[in-house]
file coords_28.txt (compact mmCIF, C-alpha atoms and all ligand atoms)
# COMPACT_ATOMS: atom_id res chain seq x y z
CA MET A 1 34.74 17.18 18.21
CA ILE A 2 36.66 17.55 21.45
CA VAL A 3 35.50 19.84 24.27
CA ALA A 4 38.49 20.48 26.52
CA ASP A 5 38.20 22.03 29.97
CA ASP A 6 40.14 25.18 29.26
CA TYR A 7 42.58 26.89 26.89
CA GLU A 8 45.57 25.00 28.25
CA SER A 9 44.03 21.61 27.81
CA MET A 10 42.72 22.56 24.33
CA SER A 11 46.30 23.46 23.40
CA LYS A 12 47.67 20.22 24.87
CA ARG A 13 45.15 18.05 23.00
CA ALA A 14 46.03 19.79 19.75
CA GLY A 15 49.73 19.49 20.57
CA GLU A 16 49.42 15.73 21.06
CA ILE A 17 47.89 15.29 17.62
CA VAL A 18 50.42 17.51 15.84
CA ILE A 19 53.37 15.89 17.64
CA GLU A 20 52.15 12.42 16.71
CA GLU A 21 51.79 13.43 13.06
CA MET A 22 55.26 15.03 13.06
CA LYS A 23 56.79 11.85 14.46
CA ARG A 24 54.95 9.72 11.94
CA LYS A 25 56.08 11.88 9.00
CA PRO A 26 59.22 13.96 9.64
CA ASP A 27 58.87 15.70 6.25
CA ILE A 28 55.24 16.60 6.94
CA VAL A 29 53.73 19.66 5.26
CA LEU A 30 52.01 21.81 7.89
CA GLY A 31 49.43 24.50 7.25
CA LEU A 32 49.73 27.08 10.01
CA ALA A 33 47.48 29.74 11.49
CA THR A 34 48.14 32.94 13.42
CA GLY A 35 46.02 34.69 16.05
CA SER A 36 45.73 34.27 19.81
CA THR A 37 44.20 30.82 19.59
CA PRO A 38 47.13 28.68 18.33
CA GLU A 39 49.77 30.31 20.56
CA GLY A 40 49.36 27.64 23.24
CA LEU A 41 49.70 24.91 20.61
CA TYR A 42 52.94 26.47 19.37
CA GLU A 43 54.22 26.52 22.95
CA GLU A 44 53.46 22.81 23.20
CA LEU A 45 55.44 22.18 20.02
CA ILE A 46 58.40 24.22 21.26
CA LYS A 47 58.36 22.27 24.53
CA ALA A 48 58.31 18.94 22.68
CA TYR A 49 61.15 20.13 20.44
CA ARG A 50 63.27 21.12 23.45
CA GLN A 51 62.65 17.73 24.97
CA GLY A 52 63.95 16.13 21.78
CA GLN A 53 60.59 14.59 20.87
CA ILE A 54 60.20 16.31 17.51
CA ASP A 55 62.40 17.67 14.75
CA PHE A 56 61.47 20.52 12.42
CA SER A 57 64.43 20.24 10.04
CA ARG A 58 62.65 18.40 7.22
CA LEU A 59 59.12 19.72 7.38
CA LYS A 60 57.58 22.47 5.28
CA THR A 61 55.07 25.07 6.38
CA PHE A 62 52.48 27.17 4.58
CA ASN A 63 50.68 29.91 6.45
CA LEU A 64 47.03 30.64 5.83
CA ASP A 65 47.13 34.36 5.38
CA GLU A 66 48.87 37.72 5.67
CA TYR A 67 47.76 41.34 5.72
CA ILE A 68 48.34 43.29 2.51
CA GLY A 69 50.58 46.30 3.05
CA LEU A 70 52.42 45.16 6.17
CA PRO A 71 56.12 44.47 5.66
CA PRO A 72 57.38 41.25 7.28
CA ALA A 73 59.13 43.17 10.06
CA HIS A 74 55.96 45.03 11.11
CA SER A 75 55.00 44.17 14.69
CA GLN A 76 51.58 42.87 13.56
CA SER A 77 52.56 41.04 10.39
CA TYR A 78 51.78 37.34 10.45
CA TRP A 79 55.29 36.67 9.23
CA ARG A 80 56.66 38.29 12.37
CA PHE A 81 54.11 36.46 14.54
CA MET A 82 55.22 33.09 13.17
CA PHE A 83 58.90 33.83 13.64
CA GLU A 84 58.46 35.02 17.20
CA LYS A 85 55.94 32.43 18.35
CA LEU A 86 57.45 29.39 16.67
CA PHE A 87 60.06 29.48 13.91
CA GLU A 88 62.86 31.23 15.82
CA GLN A 89 62.55 28.73 18.62
CA VAL A 90 62.86 25.48 16.69
CA ASN A 91 65.23 23.98 14.12
CA ILE A 92 63.10 24.72 11.09
CA ASN A 93 64.90 25.30 7.79
CA TYR A 94 63.92 28.86 6.85
CA ARG A 95 63.82 27.88 3.17
CA ASN A 96 60.90 25.58 3.99
CA ILE A 97 58.74 28.36 5.42
CA HIS A 98 56.00 29.95 3.32
CA VAL A 99 53.94 32.92 4.45
CA PRO A 100 51.93 34.93 1.90
CA ASP A 101 53.80 38.09 0.89
CA GLY A 102 51.66 41.08 1.88
CA MET A 103 54.01 43.44 0.02
CA THR A 104 53.96 41.74 -3.38
CA GLU A 105 53.30 43.97 -6.37
CA ASP A 106 51.75 41.11 -8.30
CA ILE A 107 49.08 39.70 -6.03
CA ASP A 108 47.44 37.40 -8.59
CA GLY A 109 50.79 36.00 -9.70
CA PHE A 110 51.83 35.50 -6.11
CA CYS A 111 48.59 33.66 -5.27
CA LYS A 112 48.95 31.30 -8.25
CA ASP A 113 52.52 30.62 -7.29
CA TYR A 114 51.52 29.92 -3.67
CA GLU A 115 49.01 27.31 -4.84
CA GLU A 116 51.66 25.76 -7.09
CA LYS A 117 54.13 25.60 -4.23
CA ILE A 118 51.57 23.82 -2.06
CA ARG A 119 50.89 21.35 -4.85
CA GLY A 120 54.61 20.95 -5.50
CA ALA A 121 55.14 20.06 -1.84
CA GLY A 122 52.60 17.25 -2.24
CA GLY A 123 49.74 19.14 -0.58
CA ILE A 124 49.23 20.09 3.05
CA ASP A 125 49.19 17.07 5.37
CA LEU A 126 47.91 18.81 8.46
CA GLN A 127 46.21 22.18 8.59
CA ILE A 128 45.77 24.19 11.80
CA LEU A 129 42.84 26.61 11.80
CA GLY A 130 41.32 29.17 14.11
CA ILE A 131 37.84 30.58 13.56
CA GLY A 132 36.65 34.18 13.45
CA VAL A 133 33.72 35.46 15.50
CA ASN A 134 31.88 35.57 12.15
CA GLY A 135 32.83 31.99 11.25
CA HIS A 136 35.71 32.86 8.94
CA ILE A 137 38.62 30.49 8.37
CA GLY A 138 41.84 32.04 7.21
CA PHE A 139 40.51 35.38 6.00
CA ASN A 140 37.67 33.76 4.08
CA GLU A 141 34.87 35.99 5.27
CA PRO A 142 31.13 35.10 5.15
CA GLY A 143 29.98 34.84 1.53
CA SER A 144 33.42 33.95 0.20
CA PRO A 145 32.97 31.33 -2.57
CA SER A 146 33.62 27.82 -1.29
CA GLY A 147 35.53 26.95 -4.47
CA SER A 148 38.03 29.77 -4.03
CA ARG A 149 41.79 29.46 -3.91
CA THR A 150 44.56 31.69 -2.53
CA LYS A 151 43.43 35.22 -3.28
CA LYS A 152 43.15 38.85 -2.23
CA VAL A 153 40.31 39.36 0.24
CA GLU A 154 38.65 42.38 1.79
CA LEU A 155 38.24 42.11 5.56
CA THR A 156 34.79 42.67 7.05
CA GLU A 157 34.18 45.38 9.64
CA GLU A 158 33.68 42.62 12.23
CA THR A 159 37.13 41.17 11.57
CA ILE A 160 38.75 44.60 11.52
CA ARG A 161 37.14 45.34 14.91
CA ALA A 162 38.21 41.95 16.32
CA ASN A 163 41.80 42.42 15.14
CA SER A 164 42.05 46.06 16.21
CA ARG A 165 43.04 44.82 19.69
CA PHE A 166 46.52 44.24 18.28
CA PHE A 167 46.84 47.70 16.73
CA GLU A 168 46.90 51.19 18.22
CA SER A 169 43.60 52.04 16.59
CA GLU A 170 41.00 50.48 14.30
CA ASP A 171 42.08 52.53 11.28
CA GLN A 172 45.56 51.03 11.44
CA VAL A 173 44.20 47.55 10.73
CA PRO A 174 44.83 46.68 7.06
CA ARG A 175 41.65 46.39 4.98
CA TYR A 176 42.92 43.66 2.70
CA ALA A 177 44.77 40.40 3.04
CA ILE A 178 45.99 37.44 1.03
CA SER A 179 44.34 34.23 2.19
CA MET A 180 44.28 30.61 1.14
CA GLY A 181 40.78 29.93 -0.21
CA GLN A 182 38.25 27.43 1.13
CA ALA A 183 39.09 25.03 -1.70
CA THR A 184 42.75 25.19 -0.70
CA ILE A 185 41.79 24.45 2.90
CA ILE A 186 39.32 21.67 2.17
CA GLU A 187 41.95 19.82 0.09
CA THR A 188 44.32 19.52 3.06
CA LYS A 189 44.55 15.95 4.30
CA LYS A 190 43.85 16.52 7.96
CA ILE A 191 42.49 19.56 9.78
CA ILE A 192 42.49 20.72 13.40
CA LEU A 193 40.31 23.73 14.14
CA LEU A 194 40.80 25.40 17.51
CA ALA A 195 38.51 27.81 19.33
CA SER A 196 38.61 29.28 22.78
CA GLY A 197 36.40 31.68 24.72
CA LYS A 198 32.74 32.73 24.87
CA ASN A 199 33.00 35.07 21.89
CA LYS A 200 33.56 32.03 19.63
CA ALA A 201 30.58 30.00 20.95
CA ASP A 202 28.10 31.17 18.28
CA ALA A 203 30.56 30.65 15.43
CA ILE A 204 31.39 27.13 16.69
CA ALA A 205 27.71 26.15 17.11
CA LYS A 206 26.92 27.35 13.57
CA ALA A 207 30.03 25.77 12.05
CA VAL A 208 29.56 22.38 13.69
CA GLU A 209 25.78 21.99 13.97
CA GLY A 210 24.38 24.42 11.41
CA PRO A 211 23.92 23.90 7.67
CA ILE A 212 26.94 23.90 5.37
CA THR A 213 26.83 27.40 3.93
CA GLU A 214 29.19 29.98 2.49
CA GLU A 215 27.75 32.38 5.07
CA VAL A 216 29.65 30.38 7.71
CA PRO A 217 32.93 29.52 5.98
CA ALA A 218 33.99 27.10 8.76
CA SER A 219 30.87 24.99 8.14
CA ILE A 220 32.52 23.55 5.02
CA LEU A 221 34.69 21.48 7.35
CA GLN A 222 31.65 19.26 7.92
CA SER A 223 32.35 17.85 4.47
CA HIS A 224 36.02 17.14 5.25
CA PRO A 225 36.85 13.46 5.92
CA ASP A 226 39.34 14.14 8.72
CA ALA A 227 38.63 17.38 10.57
CA THR A 228 38.87 17.62 14.36
CA VAL A 229 37.41 20.61 16.17
CA ILE A 230 38.96 21.21 19.58
CA VAL A 231 37.31 23.85 21.74
CA ASP A 232 37.43 24.88 25.35
CA ARG A 233 34.24 24.76 27.43
CA GLU A 234 33.31 28.37 26.73
CA ALA A 235 33.68 28.10 22.96
CA GLY A 236 31.66 24.85 23.09
CA SER A 237 28.94 26.27 25.34
CA LYS A 238 26.34 26.76 22.59
CA LEU A 239 26.62 23.30 21.06
CA LYS A 240 23.27 21.51 21.42
CA GLY A 241 24.79 18.05 21.20
CA ARG A 242 26.87 18.78 24.33
CA GLU A 243 26.08 19.66 27.88
P1 LIG A 301 42.10 34.58 17.09
O1 LIG A 301 41.74 34.70 15.56
O2 LIG A 301 42.77 33.26 17.28
O3 LIG A 301 43.01 35.72 17.38
O4 LIG A 301 40.79 34.65 17.83
C1 LIG A 301 41.14 33.63 14.91
C2 LIG A 301 40.68 34.03 13.54
O5 LIG A 301 40.29 35.20 13.34
O6 LIG A 301 40.67 33.17 12.66

call {"tool": "encode", "arguments": {"input": "coords_28.txt", "output": "structure tokens", "more": "lines below"}}
Ligand code: PGA
result
Amino acid sequence: MIVADDYESMSKRAGEIVIEEMKRKPDIVLGLATGSTPEGLYEELIKAYRQGQIDFSRLKTFNLDEYIGLPPAHSQSYWRFMFEKLFEQVNINYRNIHVPDGMTEDIDGFCKDYEEKIRGAGGIDLQILGIGVNGHIGFNEPGSPSGSRTKKVELTEETIRANSRFFESEDQVPRYAISMGQATIIETKKIILLASGKNKADAIAKAVEGPITEEVPASILQSHPDATVIVDREAGSKLKGRE
């Protein structure tokens, strides 16, 4: 558990860990997250790449989730987010990028195949996670079975409200998504969960100090052997074990 002073220093701490892992294993398999939270981390990675510290040419990536019904080119698709915030700015081999396909006509087949591809790549070495205000990881909403794998999920009203800030109105937010499951996430070898801002303080306190429960999907990380939670002061403000 790391409580950083602010968003920038949270992003830098996360960047240091990811950069070190990328140097140690140039063909690393990264699990990536979208949302406002990891943007600063991706900026750190782009900076390190431009300075010649890291190379993306051999690594593989698997994204956590994607909205169902948004084509890749849609301004709010996670595919587009990843290309704009990271992939276009580094020397990644586009064939090594995996983002769930929100337009697939065979969702179950796609999800099975996604799991197989992760396994085929040797598993995810390092997974980046954000956390929802309701404690979700990926789009695994409260109550989602902890043994679940990549699957179609229905977003809760809370998540739809939280994500509506990126859309013109709440009814434009897709109701469904494809998300890696908790079992997929818990099998990754190393995890960094990031959280920033007061609105994440309750979720972080429950995830880190509360019981392990499917009602708080992020709490399953307590059972992971190598999970680091990096928060800024505001997101860490309700932790009892801290000041
Ligand atoms: P955010 O989303 O980084 O945009 O807050 C995190 C999440 O919902 O998992």

call {"tool": "residues_near_ligand", "arguments": {"input": "coords_28.txt", "ligand": "ligand LIG 301 (chain A)", "cutoff": "8 Å", "atoms": "all atoms listed in the file", "output": "list in words"}}
result
Ala33, Thr34, Gly35, Ser36, Thr37, Pro38, Leu129, Gly130, Ile131, Gly132, Val133, His136, Ile137, Gly138, Phe139, Thr159, Ala162, Asn163, Ala195, Ser196 and Lys200 of chain A

call {"tool": "closest_residue", "arguments": {"input": "coords_28.txt", "among": "A:Thr213, A:Thr156, A:Ser169, A:Gln127", "to": "Ile186 of chain A", "atoms": "all atoms listed in the file"}}
result
A:Gln127

call {"tool": "atom_distance", "arguments": {"input": "coords_28.txt", "atom1": "atom CA of Gly123 of chain A", "atom2": "atom CA of Asp101 of chain A"}}
result
19.4 Å

call {"tool": "residues_around", "arguments": {"input": "coords_28.txt", "residues": "segment 229-240 of chain A", "least_positions_apart": "6", "cutoff": "7 Å", "atoms": "all atoms listed in the file", "output": "ChimeraX atom specification"}}
result
/A:1-7,10,192-198,200-202,204-205

call {"tool": "closest_residue", "arguments": {"input": "coords_28.txt", "among": "A:Glu20, A:Glu66, A:Asp171, A:Glu187", "to": "Asn140 of chain A", "atoms": "all atoms listed in the file"}}
result
A:Glu66

call {"tool": "residues_around", "arguments": {"input": "coords_28.txt", "residues": "Glu168 of chain A", "least_positions_apart": "5", "cutoff": "12 Å", "atoms": "all atoms listed in the file", "output": "list in words"}}
result
Ser75, Gln76, Arg161, Asn163 and Val173 of chain A

call {"tool": "closest_residue", "arguments": {"input": "coords_28.txt", "among": "A:Val99, A:Ile19, A:Ala48, A:Ile124", "to": "Ile185 of chain A", "atoms": "only C-alpha atoms"}}
result
A:Ile124

call {"tool": "residues_near_point", "arguments": {"input": "coords_28.txt", "point": "(55.3, 17.2, 8.5)", "cutoff": "8 Å", "atoms": "all atoms listed in the file", "output": "list in words"}}
result
Glu21, Met22, Lys25, Pro26, Asp27, Ile28, Val29, Leu30, Arg58, Leu59, Lys60, Asp125 and Leu126 of chain A

call {"tool": "atom_distance", "arguments": {"input": "coords_28.txt", "atom1": "atom CA of Pro71 of chain A", "atom2": "atom CA of Gly122 of chain A"}}
result
28.6 Å

call {"tool": "atom_distance", "arguments": {"input": "coords_28.txt", "atom1": "atom CA of Glu157 of chain A", "atom2": "atom CA of Glu84 of chain A"}}
result
27.5 Å

call {"tool": "closest_atom_pairs", "arguments": {"input": "coords_28.txt", "of": "segment 43-115 of chain A", "to": "segment 175-180 of chain A", "cutoff": "9 Å", "atoms": "all atoms listed in the file", "output": "JSON lines"}}
result
{"residue": "A:Asn63", "atom": "CA", "partner": "A:Met180", "partner_atom": "CA", "distance": 8.3}
{"residue": "A:Leu64", "atom": "CA", "partner": "A:Met180", "partner_atom": "CA", "distance": 5.4}
{"residue": "A:Asp65", "atom": "CA", "partner": "A:Ser179", "partner_atom": "CA", "distance": 4.2}
{"residue": "A:Glu66", "atom": "CA", "partner": "A:Ile178", "partner_atom": "CA", "distance": 5.5}
{"residue": "A:Tyr67", "atom": "CA", "partner": "A:Ala177", "partner_atom": "CA", "distance": 4.1}
{"residue": "A:Ile68", "atom": "CA", "partner": "A:Ala177", "partner_atom": "CA", "distance": 4.6}
{"residue": "A:Gly69", "atom": "CA", "partner": "A:Tyr176", "partner_atom": "CA", "distance": 8.1}
{"residue": "A:Pro100", "atom": "CA", "partner": "A:Ile178", "partner_atom": "CA", "distance": 6.5}
{"residue": "A:Asp101", "atom": "CA", "partner": "A:Ile178", "partner_atom": "CA", "distance": 7.8}
{"residue": "A:Gly102", "atom": "CA", "partner": "A:Ile178", "partner_atom": "CA", "distance": 6.8}
{"residue": "A:Ile107", "atom": "CA", "partner": "A:Ile178", "partner_atom": "CA", "distance": 8.0}
{"residue": "A:Cys111", "atom": "CA", "partner": "A:Ile178", "partner_atom": "CA", "distance": 7.8}
{"residue": "A:Tyr114", "atom": "CA", "partner": "A:Met180", "partner_atom": "CA", "distance": 8.7}
{"residue": "A:Glu115", "atom": "CA", "partner": "A:Met180", "partner_atom": "CA", "distance": 8.3}

call {"tool": "closest_residue", "arguments": {"input": "coords_28.txt", "among": "A:Pro72, A:Pro145, A:Gly31, A:Gly135", "to": "Ala121 of chain A", "atoms": "only C-alpha atoms"}}
result
A:Gly31

call {"tool": "residues_near_point", "arguments": {"input": "coords_28.txt", "point": "(34.1, 20.8, 3.1)", "cutoff": "9 Å", "atoms": "all atoms listed in the file", "output": "VMD selection string"}}
result
chain A and resid 146 182 to 183 185 to 187 212 218 to 225

call {"tool": "closest_residue", "arguments": {"input": "coords_28.txt", "among": "A:Arg119, A:Arg165, A:His98, A:Lys151", "to": "Thr188 of chain A", "atoms": "only C-alpha atoms"}}
result
A:Arg119

call {"tool": "closest_residue", "arguments": {"input": "coords_28.txt", "among": "A:Met103, A:Leu32, A:Ile160, A:Ala207", "to": "His74 of chain A", "atoms": "all atoms listed in the file"}}
result
A:Met103

call {"tool": "residues_around", "arguments": {"input": "coords_28.txt", "residues": "Glu215 of chain A", "least_positions_apart": "6", "cutoff": "9 Å", "atoms": "only C-alpha atoms", "output": "VMD selection string"}}
result
chain A and resid 134 to 136 141 to 144

call {"tool": "build_atoms", "arguments": {"input": "coords_28.txt", "residues": "segment 11-30 of chain A", "atoms": "N, CA, C and O atoms", "output": "PDB file, keeping the file's coordinate frame"}}
result
ATOM      1  N   SER A  11      45.005  23.360  24.063  1.00  0.00           N
ATOM      2  CA  SER A  11      46.300  23.460  23.400  1.00  0.00           C
ATOM      3  C   SER A  11      47.080  22.141  23.511  1.00  0.00           C
ATOM      4  O   SER A  11      47.737  21.711  22.563  1.00  0.00           O
ATOM      5  N   LYS A  12      46.969  21.504  24.667  1.00  0.00           N
ATOM      6  CA  LYS A  12      47.670  20.220  24.870  1.00  0.00           C
ATOM      7  C   LYS A  12      47.105  19.131  23.963  1.00  0.00           C
ATOM      8  O   LYS A  12      47.861  18.367  23.350  1.00  0.00           O
ATOM      9  N   ARG A  13      45.763  19.058  23.867  1.00  0.00           N
ATOM     10  CA  ARG A  13      45.150  18.050  23.000  1.00  0.00           C
ATOM     11  C   ARG A  13      45.595  18.241  21.556  1.00  0.00           C
ATOM     12  O   ARG A  13      45.939  17.294  20.847  1.00  0.00           O
ATOM     13  N   ALA A  14      45.597  19.495  21.121  1.00  0.00           N
ATOM     14  CA  ALA A  14      46.030  19.790  19.750  1.00  0.00           C
ATOM     15  C   ALA A  14      47.503  19.427  19.595  1.00  0.00           C
ATOM     16  O   ALA A  14      47.912  18.821  18.596  1.00  0.00           O
ATOM     17  N   GLY A  15      48.302  19.781  20.606  1.00  0.00           N
ATOM     18  CA  GLY A  15      49.730  19.490  20.570  1.00  0.00           C
ATOM     19  C   GLY A  15      49.975  17.988  20.415  1.00  0.00           C
ATOM     20  O   GLY A  15      50.827  17.577  19.609  1.00  0.00           O
ATOM     21  N   GLU A  16      49.231  17.183  21.144  1.00  0.00           N
ATOM     22  CA  GLU A  16      49.420  15.730  21.060  1.00  0.00           C
ATOM     23  C   GLU A  16      49.220  15.218  19.629  1.00  0.00           C
ATOM     24  O   GLU A  16      49.994  14.407  19.133  1.00  0.00           O
ATOM     25  N   ILE A  17      48.177  15.749  18.995  1.00  0.00           N
ATOM     26  CA  ILE A  17      47.890  15.290  17.620  1.00  0.00           C
ATOM     27  C   ILE A  17      49.002  15.729  16.666  1.00  0.00           C
ATOM     28  O   ILE A  17      49.506  14.935  15.866  1.00  0.00           O
ATOM     29  N   VAL A  18      49.396  16.994  16.764  1.00  0.00           N
ATOM     30  CA  VAL A  18      50.420  17.510  15.840  1.00  0.00           C
ATOM     31  C   VAL A  18      51.744  16.772  16.071  1.00  0.00           C
ATOM     32  O   VAL A  18      52.425  16.378  15.105  1.00  0.00           O
ATOM     33  N   ILE A  19      52.108  16.567  17.330  1.00  0.00           N
ATOM     34  CA  ILE A  19      53.370  15.890  17.640  1.00  0.00           C
ATOM     35  C   ILE A  19      53.376  14.468  17.079  1.00  0.00           C
ATOM     36  O   ILE A  19      54.358  14.024  16.478  1.00  0.00           O
ATOM     37  N   GLU A  20      52.250  13.788  17.241  1.00  0.00           N
ATOM     38  CA  GLU A  20      52.150  12.420  16.710  1.00  0.00           C
ATOM     39  C   GLU A  20      52.329  12.412  15.183  1.00  0.00           C
ATOM     40  O   GLU A  20      53.056  11.584  14.627  1.00  0.00           O
ATOM     41  N   GLU A  21      51.681  13.364  14.521  1.00  0.00           N
ATOM     42  CA  GLU A  21      51.790  13.430  13.060  1.00  0.00           C
ATOM     43  C   GLU A  21      53.220  13.773  12.624  1.00  0.00           C
ATOM     44  O   GLU A  21      53.722  13.261  11.624  1.00  0.00           O
ATOM     45  N   MET A  22      53.875  14.654  13.392  1.00  0.00           N
ATOM     46  CA  MET A  22      55.260  15.030  13.060  1.00  0.00           C
ATOM     47  C   MET A  22      56.209  13.852  13.241  1.00  0.00           C
ATOM     48  O   MET A  22      57.177  13.701  12.494  1.00  0.00           O
ATOM     49  N   LYS A  23      55.933  13.035  14.247  1.00  0.00           N
ATOM     50  CA  LYS A  23      56.790  11.850  14.460  1.00  0.00           C
ATOM     51  C   LYS A  23      56.567  10.830  13.349  1.00  0.00           C
ATOM     52  O   LYS A  23      57.494  10.187  12.876  1.00  0.00           O
ATOM     53  N   ARG A  24      55.300  10.702  12.962  1.00  0.00           N
ATOM     54  CA  ARG A  24      54.950   9.720  11.940  1.00  0.00           C
ATOM     55  C   ARG A  24      55.552  10.100  10.591  1.00  0.00           C
ATOM     56  O   ARG A  24      55.970   9.264   9.807  1.00  0.00           O
ATOM     57  N   LYS A  25      55.603  11.411  10.310  1.00  0.00           N
ATOM     58  CA  LYS A  25      56.080  11.880   9.000  1.00  0.00           C
ATOM     59  C   LYS A  25      57.009  13.084   9.203  1.00  0.00           C
ATOM     60  O   LYS A  25      56.545  14.230   9.190  1.00  0.00           O
ATOM     61  N   PRO A  26      58.296  12.858   9.357  1.00  0.00           N
ATOM     62  CA  PRO A  26      59.220  13.960   9.640  1.00  0.00           C
ATOM     63  C   PRO A  26      59.269  15.028   8.549  1.00  0.00           C
ATOM     64  O   PRO A  26      59.625  16.175   8.819  1.00  0.00           O
ATOM     65  N   ASP A  27      58.905  14.677   7.307  1.00  0.00           N
ATOM     66  CA  ASP A  27      58.870  15.700   6.250  1.00  0.00           C
ATOM     67  C   ASP A  27      57.430  16.165   5.981  1.00  0.00           C
ATOM     68  O   ASP A  27      57.077  16.532   4.857  1.00  0.00           O
ATOM     69  N   ILE A  28      56.648  16.189   7.041  1.00  0.00           N
ATOM     70  CA  ILE A  28      55.240  16.600   6.940  1.00  0.00           C
ATOM     71  C   ILE A  28      55.129  18.035   6.401  1.00  0.00           C
ATOM     72  O   ILE A  28      56.030  18.859   6.597  1.00  0.00           O
ATOM     73  N   VAL A  29      54.018  18.300   5.716  1.00  0.00           N
ATOM     74  CA  VAL A  29      53.730  19.660   5.260  1.00  0.00           C
ATOM     75  C   VAL A  29      52.619  20.213   6.172  1.00  0.00           C
ATOM     76  O   VAL A  29      51.506  19.687   6.184  1.00  0.00           O
ATOM     77  N   LEU A  30      52.964  21.249   6.930  1.00  0.00           N
ATOM     78  CA  LEU A  30      52.010  21.810   7.890  1.00  0.00           C
ATOM     79  C   LEU A  30      51.403  23.091   7.352  1.00  0.00           C
ATOM     80  O   LEU A  30      52.110  23.949   6.823  1.00  0.00           O
TER      81      LEU A  30
END
